[in-house]
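Peer 1: query_18.tsv is reproduced in full below (TSV, C-alpha atoms and all ligand atoms).
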chain	number	residue	atom	x	y	z
J	187	MET	CA	109.36	-59.17	39.88
J	188	SER	CA	106.15	-60.23	38.24
J	189	ALA	CA	105.08	-58.90	34.85
J	190	ARG	CA	102.35	-56.37	34.22
J	191	ILE	CA	99.32	-58.37	33.08
J	192	LEU	CA	97.77	-56.86	29.96
J	193	GLU	CA	94.10	-57.65	30.57
J	194	GLY	CA	92.17	-58.07	27.32
J	195	LYS	CA	88.93	-56.80	28.81
J	196	VAL	CA	90.40	-53.43	29.77
J	197	PHE	CA	91.68	-52.74	26.25
J	198	ALA	CA	88.69	-54.33	24.52
J	199	GLN	CA	86.41	-52.05	26.54
J	200	ALA	CA	88.29	-48.98	25.32
J	201	PHE	CA	88.12	-50.15	21.68
J	202	ARG	CA	84.42	-50.96	21.97
J	203	GLU	CA	83.62	-47.52	23.39
J	204	ASP	CA	85.48	-46.00	20.47
J	205	ALA	CA	83.56	-48.11	17.94
J	206	GLN	CA	80.27	-47.33	19.68
J	207	LYS	CA	80.91	-43.57	19.47
J	208	LYS	CA	81.82	-43.80	15.78
J	209	ALA	CA	78.70	-45.91	15.10
J	210	ALA	CA	76.53	-43.29	16.84
J	211	ALA	CA	78.15	-40.52	14.78
J	212	LEU	CA	77.41	-42.39	11.55
J	213	ARG	CA	73.77	-42.69	12.55
J	214	GLU	CA	73.41	-39.04	13.53
J	215	GLN	CA	75.32	-37.50	10.64
J	216	TYR	CA	74.44	-39.83	7.78
J	217	GLY	CA	71.52	-41.96	9.00
J	218	VAL	CA	73.66	-45.05	8.50
J	219	GLN	CA	73.71	-47.95	10.97
J	220	PRO	CA	76.82	-50.10	10.44
J	221	GLY	CA	75.87	-53.72	9.68
J	222	LEU	CA	77.75	-57.02	9.90
J	223	ALA	CA	76.87	-60.37	8.32
J	224	VAL	CA	78.59	-63.46	9.66
J	225	ILE	CA	78.27	-66.64	7.60
J	226	ILE	CA	78.81	-69.90	9.43
J	227	VAL	CA	78.85	-73.12	7.43
J	228	GLY	CA	78.29	-76.34	9.36
J	229	SER	CA	78.35	-76.77	13.11
J	230	ASN	CA	81.88	-76.50	14.49
J	231	PRO	CA	81.13	-75.93	18.23
J	232	ALA	CA	84.03	-73.48	18.77
J	233	SER	CA	82.88	-71.47	15.75
J	234	GLN	CA	79.36	-71.29	17.18
J	235	VAL	CA	80.70	-69.78	20.42
J	236	TYR	CA	82.74	-67.15	18.54
J	237	VAL	CA	79.87	-66.26	16.22
J	238	ARG	CA	77.53	-65.82	19.17
J	239	ASN	CA	80.10	-63.52	20.85
J	240	LYS	CA	80.35	-61.41	17.71
J	241	HIS	CA	76.56	-61.11	17.45
J	242	LYS	CA	76.18	-60.09	21.13
J	243	SER	CA	78.97	-57.58	20.77
J	244	CYS	CA	77.25	-55.96	17.77
J	245	GLU	CA	73.96	-55.68	19.66
J	246	ALA	CA	75.66	-54.00	22.61
J	247	LEU	CA	77.25	-51.37	20.36
J	248	GLY	CA	74.31	-50.49	18.13
J	249	ILE	CA	75.65	-52.37	15.13
J	250	TYR	CA	73.15	-54.27	12.97
J	251	SER	CA	74.05	-57.95	12.83
J	252	GLU	CA	72.92	-60.95	10.82
J	253	VAL	CA	74.11	-64.50	11.43
J	254	ILE	CA	73.62	-66.70	8.37
J	255	GLU	CA	73.77	-70.39	9.21
J	256	MET	CA	74.33	-72.66	6.22
J	257	PRO	CA	74.32	-76.48	6.37
J	258	GLU	CA	77.50	-78.59	6.51
J	259	THR	CA	76.76	-79.79	2.94
J	260	THR	CA	76.72	-76.27	1.40
J	261	THR	CA	78.49	-76.14	-1.97
J	262	LYS	CA	81.04	-73.55	-3.05
J	263	ASP	CA	78.53	-72.08	-5.53
J	264	GLU	CA	75.81	-71.75	-2.88
J	265	LEU	CA	78.21	-69.96	-0.55
J	266	ILE	CA	79.40	-67.66	-3.34
J	267	ALA	CA	75.79	-66.81	-4.25
J	268	LYS	CA	75.19	-65.80	-0.62
J	269	ILE	CA	78.32	-63.62	-0.62
J	270	ASP	CA	77.19	-61.95	-3.85
J	271	ALA	CA	73.81	-61.14	-2.28
J	272	LEU	CA	75.51	-59.61	0.80
J	273	ASN	CA	77.94	-57.67	-1.41
J	274	ALA	CA	74.88	-56.02	-2.99
J	275	ASP	CA	72.96	-55.53	0.31
J	276	SER	CA	73.14	-51.88	1.44
J	277	LYS	CA	72.32	-52.78	5.12
J	278	ILE	CA	75.52	-54.85	5.28
J	279	HIS	CA	78.89	-53.08	5.50
J	280	GLY	CA	80.97	-56.01	6.73
J	281	ILE	CA	80.96	-59.68	5.67
J	282	LEU	CA	82.80	-62.39	7.60
J	283	VAL	CA	82.93	-66.05	6.57
J	284	GLN	CA	83.77	-67.96	9.74
J	285	LEU	CA	86.79	-70.24	9.37
J	286	PRO	CA	87.55	-73.12	9.25
J	287	LEU	CA	85.20	-74.11	6.42
J	288	PRO	CA	83.96	-77.73	6.22
J	289	GLU	CA	86.17	-80.13	4.31
J	290	GLN	CA	84.33	-80.21	0.96
J	291	ILE	CA	84.74	-76.46	0.40
J	292	ALA	CA	87.93	-75.77	2.39
J	293	ALA	CA	90.00	-76.25	-0.79
J	294	HIS	CA	88.14	-73.28	-2.31
J	295	GLU	CA	88.79	-70.99	0.65
J	296	SER	CA	90.79	-68.40	-1.34
J	297	GLU	CA	88.22	-68.19	-4.11
J	298	ILE	CA	85.45	-67.78	-1.53
J	299	LEU	CA	87.21	-65.08	0.49
J	300	GLU	CA	88.20	-63.20	-2.69
J	301	ARG	CA	84.54	-62.99	-3.65
J	302	ILE	CA	83.87	-60.58	-0.73
J	303	ARG	CA	84.08	-56.96	-1.87
J	304	PRO	CA	87.34	-55.59	-0.40
J	305	GLU	CA	85.39	-52.67	1.13
J	306	LYS	CA	83.23	-55.19	3.08
J	307	ASP	CA	86.10	-57.53	4.00
J	308	VAL	CA	86.15	-56.88	7.76
J	309	ASP	CA	88.56	-59.82	8.32
J	310	GLY	CA	91.13	-58.08	6.11
J	311	PHE	CA	91.89	-61.38	4.36
J	312	HIS	CA	91.22	-60.25	0.75
J	313	PRO	CA	94.43	-59.87	-1.34
J	314	VAL	CA	93.49	-56.25	-2.04
J	315	ASN	CA	93.51	-55.49	1.69
J	316	VAL	CA	96.71	-57.51	2.16
J	317	GLY	CA	98.30	-55.38	-0.56
J	318	ARG	CA	97.10	-52.18	1.06
J	319	LEU	CA	98.62	-53.23	4.40
J	320	VAL	CA	101.95	-54.14	2.80
J	321	THR	CA	102.13	-50.86	0.88
J	322	GLY	CA	100.91	-48.70	3.76
J	323	GLN	CA	97.61	-47.63	2.17
J	324	PRO	CA	94.41	-47.34	4.21
J	325	GLY	CA	92.41	-50.57	4.19
J	326	LEU	CA	90.89	-53.20	6.47
J	327	VAL	CA	93.42	-54.97	8.71
J	328	PRO	CA	93.00	-58.48	10.23
J	329	CYS	CA	91.38	-58.11	13.65
J	330	THR	CA	93.78	-60.12	15.81
J	331	PRO	CA	97.07	-58.46	14.83
J	332	PHE	CA	95.34	-55.05	14.64
J	333	GLY	CA	94.09	-55.54	18.21
J	334	CYS	CA	97.59	-56.50	19.38
J	335	LEU	CA	99.07	-53.35	17.84
J	336	ARG	CA	96.39	-51.07	19.29
J	337	MET	CA	96.84	-52.69	22.71
J	338	LEU	CA	100.62	-52.07	22.65
J	339	GLU	CA	99.97	-48.44	21.74
J	340	LEU	CA	97.31	-47.91	24.39
J	341	ALA	CA	99.48	-49.64	27.02
J	342	GLY	CA	102.28	-47.19	26.24
J	343	ILE	CA	104.73	-49.91	25.22
J	344	PRO	CA	107.39	-48.48	22.90
J	345	ILE	CA	107.50	-49.92	19.36
J	346	ASP	CA	109.63	-47.47	17.36
J	347	GLY	CA	113.20	-48.78	17.13
J	348	GLN	CA	112.39	-51.85	19.25
J	349	ARG	CA	113.11	-55.45	18.28
J	350	ALA	CA	109.97	-57.46	17.65
J	351	VAL	CA	110.00	-61.22	17.09
J	352	ILE	CA	106.93	-63.08	15.84
J	353	ILE	CA	106.72	-66.86	16.11
J	354	GLY	CA	104.41	-68.11	13.35
J	355	ARG	CA	104.00	-67.04	9.72
J	356	SER	CA	100.25	-67.41	9.12
J	357	ASN	CA	98.34	-65.11	6.79
J	358	ILE	CA	95.92	-64.34	9.63
J	359	VAL	CA	98.38	-63.37	12.37
J	360	GLY	CA	102.13	-63.63	11.68
J	361	LYS	CA	102.39	-61.87	8.33
J	362	PRO	CA	100.00	-58.98	9.03
J	363	MET	CA	101.61	-58.50	12.47
J	364	LEU	CA	104.98	-58.15	10.70
J	365	HIS	CA	103.68	-55.31	8.52
J	366	LEU	CA	101.88	-53.53	11.35
J	367	LEU	CA	104.99	-53.51	13.57
J	368	LEU	CA	107.23	-52.57	10.65
J	369	GLY	CA	104.85	-49.69	9.91
J	370	LYS	CA	105.55	-48.45	13.45
J	371	ASN	CA	109.32	-48.64	12.87
J	372	ALA	CA	110.10	-51.81	14.83
J	373	THR	CA	112.87	-54.15	13.64
J	374	VAL	CA	110.88	-57.28	12.97
J	375	THR	CA	111.86	-60.95	12.67
J	376	ILE	CA	109.50	-63.83	11.86
J	377	CYS	CA	110.40	-67.29	13.17
J	378	HIS	CA	108.84	-70.59	12.11
J	379	SER	CA	109.37	-74.34	12.15
J	380	HIS	CA	112.59	-74.10	10.12
J	381	THR	CA	114.21	-71.42	12.28
J	382	LYS	CA	117.57	-72.46	13.71
J	383	ASP	CA	118.23	-71.84	17.42
J	384	LEU	CA	114.82	-70.31	18.05
J	385	PRO	CA	115.51	-69.38	21.71
J	386	ALA	CA	118.55	-67.31	20.66
J	387	VAL	CA	116.32	-65.32	18.28
J	388	THR	CA	113.39	-64.87	20.66
J	389	ARG	CA	115.72	-63.72	23.46
J	390	GLU	CA	116.53	-60.69	21.29
J	391	ALA	CA	112.91	-59.56	21.37
J	392	ASP	CA	111.66	-56.49	23.21
J	393	ILE	CA	108.23	-57.51	21.90
J	394	LEU	CA	107.58	-61.24	21.45
J	395	VAL	CA	104.42	-62.38	19.68
J	396	ALA	CA	103.55	-66.09	19.89
J	397	ALA	CA	101.15	-67.42	17.24
J	398	VAL	CA	102.08	-71.07	16.91
J	399	GLY	CA	99.13	-73.08	18.18
J	400	ARG	CA	101.08	-75.23	20.65
J	401	PRO	CA	100.54	-75.16	24.43
J	402	ASN	CA	103.55	-74.03	26.54
J	403	PHE	CA	105.67	-73.52	23.41
J	404	VAL	CA	107.27	-70.33	24.75
J	405	THR	CA	109.27	-71.07	27.89
J	406	ALA	CA	110.99	-68.68	30.31
J	407	ASP	CA	114.47	-69.27	28.81
J	408	MET	CA	113.20	-67.90	25.47
J	409	VAL	CA	112.27	-64.50	26.89
J	410	LYS	CA	114.50	-61.49	27.51
J	411	PRO	CA	113.98	-60.05	31.01
J	412	GLY	CA	111.51	-57.18	30.81
J	413	ALA	CA	110.17	-58.06	27.32
J	414	THR	CA	106.50	-57.69	26.36
J	415	VAL	CA	105.00	-61.10	25.54
J	416	ILE	CA	101.80	-61.30	23.49
J	417	ASP	CA	100.15	-64.71	23.44
J	418	VAL	CA	97.94	-65.20	20.39
J	419	GLY	CA	97.54	-68.96	20.90
J	420	ILE	CA	94.15	-70.56	21.54
J	421	ASN	CA	94.67	-74.21	22.40
J	422	ARG	CA	91.74	-76.17	23.76
J	423	ILE	CA	93.40	-78.86	25.89
J	424	ALA	CA	90.14	-80.09	27.45
J	425	PRO	CA	86.46	-79.30	26.73
J	426	LYS	CA	86.50	-76.31	29.10
J	427	LYS	CA	90.25	-75.61	29.36
J	428	LEU	CA	91.78	-73.02	27.05
J	429	VAL	CA	95.51	-72.23	27.10
J	430	GLY	CA	97.80	-70.09	24.96
J	431	ASP	CA	101.22	-70.76	23.42
J	432	VAL	CA	103.14	-69.31	26.36
J	433	ASP	CA	104.04	-71.03	29.63
J	434	PHE	CA	102.35	-68.17	31.47
J	435	GLU	CA	103.27	-69.13	35.05
J	436	ALA	CA	107.01	-69.28	34.31
J	437	VAL	CA	107.22	-66.46	31.75
J	438	LYS	CA	105.35	-63.94	33.90
J	439	ASP	CA	108.36	-63.84	36.27
J	440	VAL	CA	110.73	-62.89	33.43
J	441	ALA	CA	108.62	-60.69	31.15
J	442	GLY	CA	107.88	-57.01	31.75
J	443	ALA	CA	104.31	-57.36	30.43
J	444	ILE	CA	102.27	-60.35	29.29
J	445	THR	CA	98.80	-61.16	27.94
J	446	PRO	CA	96.86	-64.03	29.55
J	447	VAL	CA	94.80	-66.74	27.80
J	448	PRO	CA	91.86	-66.71	28.12
J	449	GLY	CA	91.14	-63.06	28.79
J	450	GLY	CA	93.79	-61.61	26.49
J	451	VAL	CA	94.07	-61.24	22.75
J	452	GLY	CA	90.82	-63.16	21.96
J	453	LEU	CA	88.78	-60.35	23.49
J	454	LEU	CA	90.67	-57.78	21.42
J	455	THR	CA	89.86	-59.71	18.25
J	456	VAL	CA	86.12	-59.30	18.71
J	457	ALA	CA	86.49	-55.63	19.71
J	458	MET	CA	88.56	-54.88	16.60
J	459	LEU	CA	85.98	-56.60	14.43
J	460	MET	CA	83.47	-54.01	15.68
J	461	GLU	CA	85.96	-51.27	14.83
J	462	ASN	CA	86.43	-52.75	11.34
J	463	VAL	CA	82.67	-52.85	10.70
J	464	VAL	CA	82.43	-49.16	11.60
J	465	ARG	CA	85.46	-48.33	9.43
J	466	ALA	CA	83.95	-50.33	6.55
J	467	ALA	CA	80.70	-48.36	6.87
J	468	GLU	CA	82.67	-45.09	6.85
J	469	MET	CA	84.57	-46.18	3.75
J	470	GLN	CA	81.29	-47.02	1.99
J	471	LEU	CA	79.74	-43.59	2.58
J	472	GLN	CA	81.26	-42.39	-0.69
J	473	ASP	CA	79.68	-45.23	-2.74
U	1	LIG	N1	86.75	-65.49	9.48
U	1	LIG	C1	87.18	-65.64	10.72
U	1	LIG	N2	87.54	-64.55	11.43
U	1	LIG	C2	87.97	-64.68	12.73
U	1	LIG	O1	88.31	-63.67	13.38
U	1	LIG	C3	88.04	-65.99	13.30
U	1	LIG	C4	87.66	-67.08	12.50
U	1	LIG	N3	87.23	-66.87	11.23
U	1	LIG	N4	87.73	-68.33	13.00
U	1	LIG	C5	88.15	-68.60	14.35
U	1	LIG	C6	89.08	-67.52	14.88
U	1	LIG	C7	89.22	-67.49	16.38
U	1	LIG	N5	88.64	-66.22	16.81
U	1	LIG	C8	88.45	-65.86	18.14
U	1	LIG	C9	87.60	-64.87	18.53
U	1	LIG	C10	87.36	-64.60	19.86
U	1	LIG	C11	87.98	-65.30	20.86
U	1	LIG	C12	87.67	-65.00	22.29
U	1	LIG	O2	86.79	-64.22	22.58
U	1	LIG	N6	88.35	-65.62	23.26
U	1	LIG	C13	88.10	-65.44	24.66
U	1	LIG	C14	87.28	-66.57	25.29
U	1	LIG	C15	86.97	-67.74	24.39
U	1	LIG	C16	86.49	-69.01	25.10
U	1	LIG	O3	86.45	-69.07	26.36
U	1	LIG	O4	86.19	-69.95	24.36
U	1	LIG	C17	89.41	-65.32	25.40
U	1	LIG	O5	90.46	-65.62	24.80
U	1	LIG	O6	89.38	-64.92	26.55
U	1	LIG	C18	88.87	-66.28	20.50
U	1	LIG	C19	89.10	-66.55	19.16
U	1	LIG	C20	88.21	-65.55	15.71
U	1	LIG	N7	88.48	-66.21	14.60
Spell out the structure here as structure tokens.
Ligand SMILES: Nc1nc(=O)c2c([nH]1)NC[C@@H]1CN(c3ccc(C(=O)N[C@@H](CCC(=O)O)C(=O)O)cc3)C=[N+]21
Peer 2:
Amino acid sequence: MSARILEGKVFAQAFREDAQKKAAALREQYGVQPGLAVIIVGSNPASQVYVRNKHKSCEALGIYSEVIEMPETTTKDELIAKIDALNADSKIHGILVQLPLPEQIAAHESEILERIRPEKDVDGFHPVNVGRLVTGQPGLVPCTPFGCLRMLELAGIPIDGQRAVIIGRSNIVGKPMLHLLLGKNATVTICHSHTKDLPAVTREADILVAAVGRPNFVTADMVKPGATVIDVGINRIAPKKLVGDVDFEAVKDVAGAITPVPGGVGLLTVAMLMENVVRAAEMQLQD
């Protein structure tokens, strides 16, 4: 039996339609057009592709979008001054600083991201939003794990009472995914490079989330028959060849459902960013 393929474009389309409707309602009821500013420092080619996708997606949904390109040599203070200006700009409801930052300012990443007003932090990376997620208060949630959760729900995959295992403990995927699944009453385990007998742990999973950043890391022997496998990896193994963390060809014959790469979670990430911009604009109506 071959697994059900969870196609990113199908779910992303549903999330985009939702965001588009909410954006239209904001315009009609309050005269507010949600707006996103993406800051890109330097010229990382992958970043340029992602930023272009985000901009196109905004245009398609009636969301105002600004892309601010700053040179590779930008200082921390120059970047912070730009963030301050966007914090004060009433056209802009969401601010995203594209990561990774160039070397000379990468060490100041936390200080830079903490400068974004939490209400405009559409990446959900600000400690205030992290705290809200952990304590179950409404806030902005990181796009990739949020998209994975919404996809599971829309696909009708049970979460309550299920065993979820996440491989990877990053602040961007692993940790927020833990809290989202826990919030839906899953029993959640996080694995990482120090985990002993990883395959024994992952074989317990009804829902297995791979966010490691290594091609073919998840093999068929690590997957319980019928499990749902979500591949968050984006590994560029050649200029035009993108693969995930899961050995898709082998795992698809064991899993019950699986996301492909490309065409899986990446598309959800951009769709959820649109949703977050609309939610940010809604949250700022009271200001
Ligand atoms: N502040 C910040 N926020 C981010 O959300 C952020 C970031 N920095 N830095 C880089 C990562 C990566 N990321 C992706 C977005 C879309 C796809 C995507 O659309 N992927 C498509 C195709 C991509 C392709 O073919 O190159 C797919 O998987 O099918 C992937 C990855 C957002 N990121």
Peer 1: Excluding Ile249 of chain J and any residue of its chain fewer than 3 positions from it, enumerate the residues within 6 Å of it, using all atoms listed in the file, and give them as JSON, numbers by chain.
Peer 2: {"J": [220, 221, 244, 245]}
Peer 1: At a cut-off of 10 Å around ligand LIG 1 (chain U), and using all atoms listed in the file, what residues come up? Please write them as a PDB file with C-alpha atoms, in the coordinates of the input.
Peer 2:
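Below is the file part.pdb, written as the result:
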ATOM      1  CA  GLU J 193      94.100 -57.650  30.570  1.00  0.00           C
ATOM      2  CA  GLY J 194      92.170 -58.070  27.320  1.00  0.00           C
ATOM      3  CA  LYS J 195      88.930 -56.800  28.810  1.00  0.00           C
ATOM      4  CA  VAL J 224      78.590 -63.460   9.660  1.00  0.00           C
ATOM      5  CA  ILE J 225      78.270 -66.640   7.600  1.00  0.00           C
ATOM      6  CA  ILE J 226      78.810 -69.900   9.430  1.00  0.00           C
ATOM      7  CA  PRO J 231      81.130 -75.930  18.230  1.00  0.00           C
ATOM      8  CA  ALA J 232      84.030 -73.480  18.770  1.00  0.00           C
ATOM      9  CA  SER J 233      82.880 -71.470  15.750  1.00  0.00           C
ATOM     10  CA  GLN J 234      79.360 -71.290  17.180  1.00  0.00           C
ATOM     11  CA  VAL J 235      80.700 -69.780  20.420  1.00  0.00           C
ATOM     12  CA  TYR J 236      82.740 -67.150  18.540  1.00  0.00           C
ATOM     13  CA  VAL J 237      79.870 -66.260  16.220  1.00  0.00           C
ATOM     14  CA  ARG J 238      77.530 -65.820  19.170  1.00  0.00           C
ATOM     15  CA  ASN J 239      80.100 -63.520  20.850  1.00  0.00           C
ATOM     16  CA  LYS J 240      80.350 -61.410  17.710  1.00  0.00           C
ATOM     17  CA  ILE J 281      80.960 -59.680   5.670  1.00  0.00           C
ATOM     18  CA  LEU J 282      82.800 -62.390   7.600  1.00  0.00           C
ATOM     19  CA  VAL J 283      82.930 -66.050   6.570  1.00  0.00           C
ATOM     20  CA  GLN J 284      83.770 -67.960   9.740  1.00  0.00           C
ATOM     21  CA  LEU J 285      86.790 -70.240   9.370  1.00  0.00           C
ATOM     22  CA  PRO J 286      87.550 -73.120   9.250  1.00  0.00           C
ATOM     23  CA  LEU J 287      85.200 -74.110   6.420  1.00  0.00           C
ATOM     24  CA  LEU J 299      87.210 -65.080   0.490  1.00  0.00           C
ATOM     25  CA  ASP J 307      86.100 -57.530   4.000  1.00  0.00           C
ATOM     26  CA  VAL J 308      86.150 -56.880   7.760  1.00  0.00           C
ATOM     27  CA  ASP J 309      88.560 -59.820   8.320  1.00  0.00           C
ATOM     28  CA  GLY J 310      91.130 -58.080   6.110  1.00  0.00           C
ATOM     29  CA  PHE J 311      91.890 -61.380   4.360  1.00  0.00           C
ATOM     30  CA  PRO J 328      93.000 -58.480  10.230  1.00  0.00           C
ATOM     31  CA  CYS J 329      91.380 -58.110  13.650  1.00  0.00           C
ATOM     32  CA  THR J 330      93.780 -60.120  15.810  1.00  0.00           C
ATOM     33  CA  ILE J 358      95.920 -64.340   9.630  1.00  0.00           C
ATOM     34  CA  ASP J 417     100.150 -64.710  23.440  1.00  0.00           C
ATOM     35  CA  VAL J 418      97.940 -65.200  20.390  1.00  0.00           C
ATOM     36  CA  GLY J 419      97.540 -68.960  20.900  1.00  0.00           C
ATOM     37  CA  ILE J 420      94.150 -70.560  21.540  1.00  0.00           C
ATOM     38  CA  ASN J 421      94.670 -74.210  22.400  1.00  0.00           C
ATOM     39  CA  ARG J 422      91.740 -76.170  23.760  1.00  0.00           C
ATOM     40  CA  PRO J 425      86.460 -79.300  26.730  1.00  0.00           C
ATOM     41  CA  LYS J 426      86.500 -76.310  29.100  1.00  0.00           C
ATOM     42  CA  LYS J 427      90.250 -75.610  29.360  1.00  0.00           C
ATOM     43  CA  LEU J 428      91.780 -73.020  27.050  1.00  0.00           C
ATOM     44  CA  VAL J 429      95.510 -72.230  27.100  1.00  0.00           C
ATOM     45  CA  GLY J 430      97.800 -70.090  24.960  1.00  0.00           C
ATOM     46  CA  THR J 445      98.800 -61.160  27.940  1.00  0.00           C
ATOM     47  CA  PRO J 446      96.860 -64.030  29.550  1.00  0.00           C
ATOM     48  CA  VAL J 447      94.800 -66.740  27.800  1.00  0.00           C
ATOM     49  CA  PRO J 448      91.860 -66.710  28.120  1.00  0.00           C
ATOM     50  CA  GLY J 449      91.140 -63.060  28.790  1.00  0.00           C
ATOM     51  CA  GLY J 450      93.790 -61.610  26.490  1.00  0.00           C
ATOM     52  CA  VAL J 451      94.070 -61.240  22.750  1.00  0.00           C
ATOM     53  CA  GLY J 452      90.820 -63.160  21.960  1.00  0.00           C
ATOM     54  CA  LEU J 453      88.780 -60.350  23.490  1.00  0.00           C
ATOM     55  CA  LEU J 454      90.670 -57.780  21.420  1.00  0.00           C
ATOM     56  CA  THR J 455      89.860 -59.710  18.250  1.00  0.00           C
ATOM     57  CA  VAL J 456      86.120 -59.300  18.710  1.00  0.00           C
ATOM     58  CA  ALA J 457      86.490 -55.630  19.710  1.00  0.00           C
ATOM     59  CA  MET J 458      88.560 -54.880  16.600  1.00  0.00           C
ATOM     60  CA  LEU J 459      85.980 -56.600  14.430  1.00  0.00           C
TER      61      LEU J 459
END
Peer 1: For the atom pair atom CA of Val351 of chain J and atom CA of Ala391 of chain J, what is the interatomic distance in Å to one decimal place?
Peer 2: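 That distance, rounded to one decimal, is 5.4 Å.
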Peer 1: What is the atom CA of Phe197 of chain J-atom CA of Cys334 of chain J distance in Å, reported with one decimal?
Peer 2: 9.8 Å
Peer 1: Determine the nearest neighbour of Ala350 of chain J from the options J:Asp204, J:His365, J:Ile393, J:Phe332, counting all atoms listed in the file.
Peer 2: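 Ranked by minimum distance to Ala350 of chain J, first place goes to J:Ile393.
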Peer 1: Can you tell me which residues surround Ile291 of chain J at a distance of at most 10 Å, considering only C-alpha atoms, apart from same-chain residues fewer than 4 positions away, and format the answer as a count of residues only?
Peer 2: 12
Peer 1: Please measure the separation of atom CA of Gly399 of chain J and atom CA of Leu335 of chain J, giving the value in Å to one decimal.
Peer 2: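 These atoms are spaced 19.7 Å apart.
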Peer 1: His312 of chain J: which residues within 9 Å, counting only C-alpha atoms, same-chain residues fewer than 4 positions away excluded, as a VMD selection string?
Peer 2: chain J and resid 296 299 to 304 307 316 to 317
Peer 1: List the spatial neighbours of Arg465 of chain J as a ChimeraX atom specification - criterion: any atom at most 10 Å away, all atoms listed in the file, same-chain residues fewer than 4 positions off excluded.
Peer 2: /J:205,208-209,220,279-280,305-306,308,325-326,459-461,469-470
Peer 1: Rank nothing, just name the residue among J:Leu384, J:Met408, J:Ile352, J:Val218 nearest to Leu471 of chain J, using only C-alpha atoms.
Peer 2: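 Distance minimum relative to Leu471 of chain J lands on J:Val218.
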Peer 1: Can you check which parts of segment 441-470 of chain J lie within 9 Å of segment 211-216 of chain J? Per residue, the shortest pair of atoms and distance in Å to one decimal, counting all atoms listed in the file, sorted by chain and number, as a Markdown table.
Peer 2:
| residue | atom | partner | partner_atom | distance |
| --- | --- | --- | --- | --- |
| J:Val464 | CA | J:Leu212 | CA | 8.4 |
| J:Ala467 | CA | J:Leu212 | CA | 8.3 |
| J:Glu468 | CA | J:Leu212 | CA | 7.6 |
Peer 1: Would you output that residue set with C-alpha atoms, as a tab-separated table (two decimals), in the frame of the given file?
Peer 2:
chain	number	residue	atom	x	y	z
J	464	VAL	CA	82.43	-49.16	11.60
J	467	ALA	CA	80.70	-48.36	6.87
J	468	GLU	CA	82.67	-45.09	6.85
Peer 1: Which residue is closest to Val404 of chain J? Choose from J:Gly333, J:Pro362, J:Pro313, J:Gly354 and count all atoms listed in the file.
Peer 2: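 Closest to Val404 of chain J of all the choices is J:Gly354.
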Peer 1: Compile the contact shell of Ala386 of chain J as a list in words: residues with an atom at most 10 Å away, counting all atoms listed in the file, same-chain residues fewer than 6 positions apart removed.
Peer 2: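 Near neighbours after the sequence-gap exclusion: Asp407, Met408, Val409 and Lys410 of chain J.
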Peer 1: For segment 416-427 of chain J, supply N, CA and C atoms and format the output as a PDB file, in the coordinates of the input.
Peer 2:
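New file part.pdb:
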ATOM      1  N   ILE J 416     103.197 -61.271  23.953  1.00  0.00           N
ATOM      2  CA  ILE J 416     101.800 -61.300  23.490  1.00  0.00           C
ATOM      3  C   ILE J 416     101.481 -62.713  23.042  1.00  0.00           C
ATOM      4  N   ASP J 417     100.505 -63.309  23.696  1.00  0.00           N
ATOM      5  CA  ASP J 417     100.150 -64.710  23.440  1.00  0.00           C
ATOM      6  C   ASP J 417      98.888 -64.784  22.586  1.00  0.00           C
ATOM      7  N   VAL J 418      99.063 -65.148  21.324  1.00  0.00           N
ATOM      8  CA  VAL J 418      97.940 -65.200  20.390  1.00  0.00           C
ATOM      9  C   VAL J 418      97.357 -66.621  20.312  1.00  0.00           C
ATOM     10  N   GLY J 419      97.983 -67.571  20.986  1.00  0.00           N
ATOM     11  CA  GLY J 419      97.540 -68.960  20.900  1.00  0.00           C
ATOM     12  C   GLY J 419      96.171 -69.186  21.528  1.00  0.00           C
ATOM     13  N   ILE J 420      95.381 -70.074  20.904  1.00  0.00           N
ATOM     14  CA  ILE J 420      94.150 -70.560  21.540  1.00  0.00           C
ATOM     15  C   ILE J 420      94.179 -72.065  21.379  1.00  0.00           C
ATOM     16  N   ASN J 421      94.580 -72.752  22.436  1.00  0.00           N
ATOM     17  CA  ASN J 421      94.670 -74.210  22.400  1.00  0.00           C
ATOM     18  C   ASN J 421      93.683 -74.779  23.412  1.00  0.00           C
ATOM     19  N   ARG J 422      92.740 -75.551  22.882  1.00  0.00           N
ATOM     20  CA  ARG J 422      91.740 -76.170  23.760  1.00  0.00           C
ATOM     21  C   ARG J 422      92.302 -77.516  24.197  1.00  0.00           C
ATOM     22  N   ILE J 423      92.771 -77.612  25.451  1.00  0.00           N
ATOM     23  CA  ILE J 423      93.400 -78.860  25.890  1.00  0.00           C
ATOM     24  C   ILE J 423      92.416 -79.785  26.600  1.00  0.00           C
ATOM     25  N   ALA J 424      91.237 -79.276  26.918  1.00  0.00           N
ATOM     26  CA  ALA J 424      90.140 -80.090  27.450  1.00  0.00           C
ATOM     27  C   ALA J 424      88.865 -79.323  27.095  1.00  0.00           C
ATOM     28  N   PRO J 425      87.676 -79.983  27.184  1.00  0.00           N
ATOM     29  CA  PRO J 425      86.460 -79.300  26.730  1.00  0.00           C
ATOM     30  C   PRO J 425      86.317 -77.869  27.276  1.00  0.00           C
ATOM     31  N   LYS J 426      86.696 -77.642  28.536  1.00  0.00           N
ATOM     32  CA  LYS J 426      86.500 -76.310  29.100  1.00  0.00           C
ATOM     33  C   LYS J 426      87.825 -75.640  29.469  1.00  0.00           C
ATOM     34  N   LYS J 427      88.937 -76.156  28.964  1.00  0.00           N
ATOM     35  CA  LYS J 427      90.250 -75.610  29.360  1.00  0.00           C
ATOM     36  C   LYS J 427      90.982 -75.054  28.143  1.00  0.00           C
TER      37      LYS J 427
END
